[in-house]
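The structure appears right after this line, and notes come after that.
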Amino acid sequence: MRRFFTSESVTEGHPDKLCDLISDSILDECLMQDENSRVAMETFASGNKITIAGQLTSTARIKLSEIVRNTIKEIGYDNAETDIDYRTCEISADITRQSPDIAMGVDIGGAGDQGIMFGYACDETEEYMPYAISMAHKLSKRLTEVRKEKIIPYLRPDGKTQVTVEYSEDGKPIRIETILISTQHLDTVTIEKLKEDIKKHVIDAVIPSNMIDENTNIYVNPTGRFVIGGPLGDTGLTGRKIIVDTYGGYARHGGGCFSGKDASKVDRSAAYMARFIAKNIVANGLAKKCELQLSYAIGMAEPLSIYIETFGTGTVSDEEIVKLIREKFDLTPNGIIKYLDLKKPIYRKTTNYGHFGKPDLPWEQIIKL
């Protein structure tokens with residue numbers, strides 16, 4: 001039976017990702033000045049206006065407007081008539097301190113909230129990520145590269161990609177069924193020229209030739225026009241791309257987003273640790289696929305539960321793997337922060353093209369179990 005799975009990615013200019021990057025930029029600036037900063041920062045973008053809201057407890061003194069404008073400029077937005085302009089956009093803020101009711105639980109080493117977090121890994125790619133999301137991220141990243149390097153100079157920052165993968169009966173990716181790319185562009189270019197350049201400089205540069213055949217469907221800007229984009233075309237909000245950020249829908253998700261949150265929030269830190277453990281279970285040959293769930297209660301340090309699913313691919317029992325996890329890893333919030341060194345200002349590097357699968361991040365390192 002033919003099986004197909006689809007995942008999507010977005011570029012750094014997508015309005016939601018613009019907001020994620022602003023939130024993570026604020027977080028990194030706080031951590032650079034005060035590694036114990038408690039940050040929960042949300043960004044909302046609409047038209048030529050940016051609104052920042054959230055909680056911040058820190059000794060850091062940050063220049064909020066400067067961070068916002070520099071981030072928008074870095075992405076490449078400079079036209080309020082088509083998306084947003086870093087020079088003229090309106091910026092407003094409503095920031096308070098962390099609630100003392102939450103702080104009293106975090107101060108003693110407990111979790112900053114209740115919740116469930118998932119980590120996943122498989123052997124479909126060299127980075128131990130599902131094939132569809134891996135390819136979708138690479139296409140999105142390439143869209144940004146060809147724009148900023150002026151290989152395709154008429155592109156604008158907003159864009160999306162989507163990849164449908166066909167799997168064999170034994171669960172291996174064998175070909176790509178569909179590639180969909182929607183990218184913002186200047187109104188001076190024709191759709192024919194756009195399709196030609198995207199195929200040559202993006203798709204052919206990223207997708208292995210043996211994964212595309214004469215039956216692969218390729219769609220570029222299906223409506224024929226994508227000039228108005230960014231926050232002018234659609235509002236942006238921190239935390240709306242949680243599936244793009246993780247495993248492209250291939251694994252379960254606990255529902256919490258990452259960006260704008262310091263590591264005392266287990267939504268972020270425990271999801272990173274779960275990925276680290278799942279990846280090392282696969283990398284150490286204990287399974288070909290692994291999904292790990294952790295659950296926490298606010299103010300409590302130890303996880304309430306640990307759940308493992310290896311989908312029948314384990315070389316040892318799931319019970320043995322859980323036992324190994326409990327013996328080897330400190331899964332308290334403070335234990336995770338210390339093990340993965342999560343007080344460093346590393347979070348802008350995570351924002352775009354997935355929080356997982358990037359070899360230089362601490363939760364992507366491979367160890368011997």
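Please note that chains go A, B, ... in the order of the structure tokens, that every chain numbers its residues from 1, and that ligands are numbered from 1 in the order shown.
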
If you run DSSP on the backbone, which residues of region 215-369 of chain A are alpha helix (DSSP H), as a ChimeraX atom specification? /A:230-233,242-245,266-283,318-328,333-340

Residues as selected, C-alpha atoms, written as a short mmCIF file (atom, residue, chain, number, x, y, z; two decimals), in the first residue's frame, can you do that?
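Output file selection02.cif is given in full below:
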```
data_model
loop_
_atom_site.label_atom_id
_atom_site.label_comp_id
_atom_site.auth_asym_id
_atom_site.auth_seq_id
_atom_site.Cartn_x
_atom_site.Cartn_y
_atom_site.Cartn_z
CA GLY A 230 4.51 39.69 6.00
CA PRO A 231 2.32 41.30 8.67
CA LEU A 232 0.49 43.33 6.00
CA GLY A 233 -0.72 40.15 4.32
CA ILE A 242 4.72 24.66 16.82
CA ILE A 243 4.52 21.84 14.26
CA VAL A 244 7.00 23.59 11.95
CA ASP A 245 9.27 24.02 14.98
CA VAL A 266 9.57 23.16 30.68
CA ASP A 267 7.56 23.79 27.51
CA ARG A 268 10.94 24.57 26.02
CA SER A 269 13.65 22.91 28.11
CA ALA A 270 11.91 19.56 28.63
CA ALA A 271 11.05 19.33 24.92
CA TYR A 272 14.73 19.89 24.13
CA MET A 273 15.75 17.22 26.64
CA ALA A 274 13.17 14.79 25.29
CA ARG A 275 14.61 15.27 21.80
CA PHE A 276 18.14 14.76 23.13
CA ILE A 277 17.21 11.46 24.77
CA ALA A 278 15.13 10.21 21.84
CA LYS A 279 17.92 11.04 19.38
CA ASN A 280 20.50 9.21 21.44
CA ILE A 281 18.28 6.16 21.81
CA VAL A 282 18.17 5.93 18.01
CA ALA A 283 21.82 6.91 17.50
CA ASP A 318 10.68 -0.02 26.23
CA GLU A 319 10.74 -0.77 29.98
CA GLU A 320 14.51 -1.19 29.85
CA ILE A 321 14.87 2.11 28.01
CA VAL A 322 12.77 3.96 30.59
CA LYS A 323 14.89 2.41 33.35
CA LEU A 324 18.04 3.60 31.56
CA ILE A 325 16.63 7.13 31.23
CA ARG A 326 15.75 7.33 34.91
CA GLU A 327 19.22 6.12 35.93
CA LYS A 328 21.23 8.31 33.56
CA PRO A 333 14.13 21.64 35.35
CA ASN A 334 17.42 22.59 37.03
CA GLY A 335 18.97 19.28 36.00
CA ILE A 336 18.00 19.81 32.36
CA ILE A 337 19.22 23.42 32.37
CA LYS A 338 22.59 22.38 33.79
CA TYR A 339 23.02 19.33 31.52
CA LEU A 340 22.20 21.20 28.29
#
```

Could you tell me, as a ChimeraX atom specification, which residues of region 115-207 of chain A DSSP assigns to strand (DSSP E or B) when given the backbone? /A:115-122,155-167,173-185

Excluding same-chain residues fewer than 3 positions from region 3-19 of chain A, what lies within 6 Å of it counting only C-alpha atoms, as a PDB file with C-alpha atoms, in the first residue's frame?
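So the final result, stored in selection_17.pdb, reads:
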```pdb
ATOM      1  CA  ILE A  22      11.755  39.101  17.919  1.00  0.00           C
ATOM      2  CA  THR A  43       5.140  39.424  19.926  1.00  0.00           C
ATOM      3  CA  ALA A 132       9.409  15.400   4.972  1.00  0.00           C
ATOM      4  CA  ILE A 133      10.138  18.108   7.549  1.00  0.00           C
ATOM      5  CA  ALA A 136      10.731  21.308   3.816  1.00  0.00           C
ATOM      6  CA  HIS A 137      13.160  23.136   6.146  1.00  0.00           C
ATOM      7  CA  SER A 140      12.689  27.262   3.200  1.00  0.00           C
ATOM      8  CA  PRO A 157      11.014  37.657   2.853  1.00  0.00           C
ATOM      9  CA  ASP A 158       7.668  35.871   3.299  1.00  0.00           C
ATOM     10  CA  GLY A 159       7.371  32.277   2.126  1.00  0.00           C
ATOM     11  CA  LYS A 160       6.258  28.714   2.764  1.00  0.00           C
ATOM     12  CA  THR A 161       7.269  25.264   1.581  1.00  0.00           C
ATOM     13  CA  GLN A 162       5.547  21.890   1.748  1.00  0.00           C
ATOM     14  CA  VAL A 163       6.803  18.406   0.892  1.00  0.00           C
ATOM     15  CA  THR A 164       4.844  15.165   0.473  1.00  0.00           C
ATOM     16  CA  VAL A 165       6.903  11.983   0.801  1.00  0.00           C
ATOM     17  CA  GLU A 166       5.956   8.521  -0.390  1.00  0.00           C
ATOM     18  CA  TYR A 167       6.888   5.651   1.927  1.00  0.00           C
ATOM     19  CA  GLY A 230       4.512  39.686   6.001  1.00  0.00           C
ATOM     20  CA  PRO A 231       2.323  41.305   8.668  1.00  0.00           C
ATOM     21  CA  GLY A 236       1.906  37.282  13.018  1.00  0.00           C
ATOM     22  CA  LEU A 237       2.036  35.907  16.545  1.00  0.00           C
ATOM     23  CA  THR A 238       4.694  34.189  18.651  1.00  0.00           C
ATOM     24  CA  VAL A 244       7.000  23.588  11.945  1.00  0.00           C
ATOM     25  CA  GLY A 248       6.292  18.414  10.982  1.00  0.00           C
ATOM     26  CA  ASN A 352      13.988  29.339  12.152  1.00  0.00           C
TER      27      ASN A 352
END
```

Name the residues in contact with Arg225 (chain A) at a cut-off of 12 Å, using only C-alpha atoms, excluding same-chain residues fewer than 2 positions from it; report them as JSON, numbers by chain. {"A": [182, 183, 184, 185, 186, 187, 188, 189, 190, 191, 192, 194, 195, 220, 221, 222, 223, 227, 228, 229]}

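Of note, CA of Leu304 (chain A) and CA of Ile116 (chain A) are spaced 9.6 Å apart.
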
If you count only C-alpha atoms, which residues fall within 7 Å of Ser259 (chain A), apart from same-chain ones fewer than 4 positions away, as an MDAnalysis selection string? chainID A and resid 20 23:24 238:239 351

Restricting the output to C-alpha atoms, write the selected residues as a short mmCIF file (atom, residue, chain, number, x, y, z; two decimals), in the first residue's frame.
```
data_model
loop_
_atom_site.label_atom_id
_atom_site.label_comp_id
_atom_site.auth_asym_id
_atom_site.auth_seq_id
_atom_site.Cartn_x
_atom_site.Cartn_y
_atom_site.Cartn_z
CA ASP A 20 9.21 34.28 17.08
CA SER A 23 10.74 37.21 21.07
CA ASP A 24 13.89 35.06 21.02
CA THR A 238 4.69 34.19 18.65
CA GLY A 239 4.16 30.46 19.04
CA THR A 351 14.00 30.11 15.87
#
```
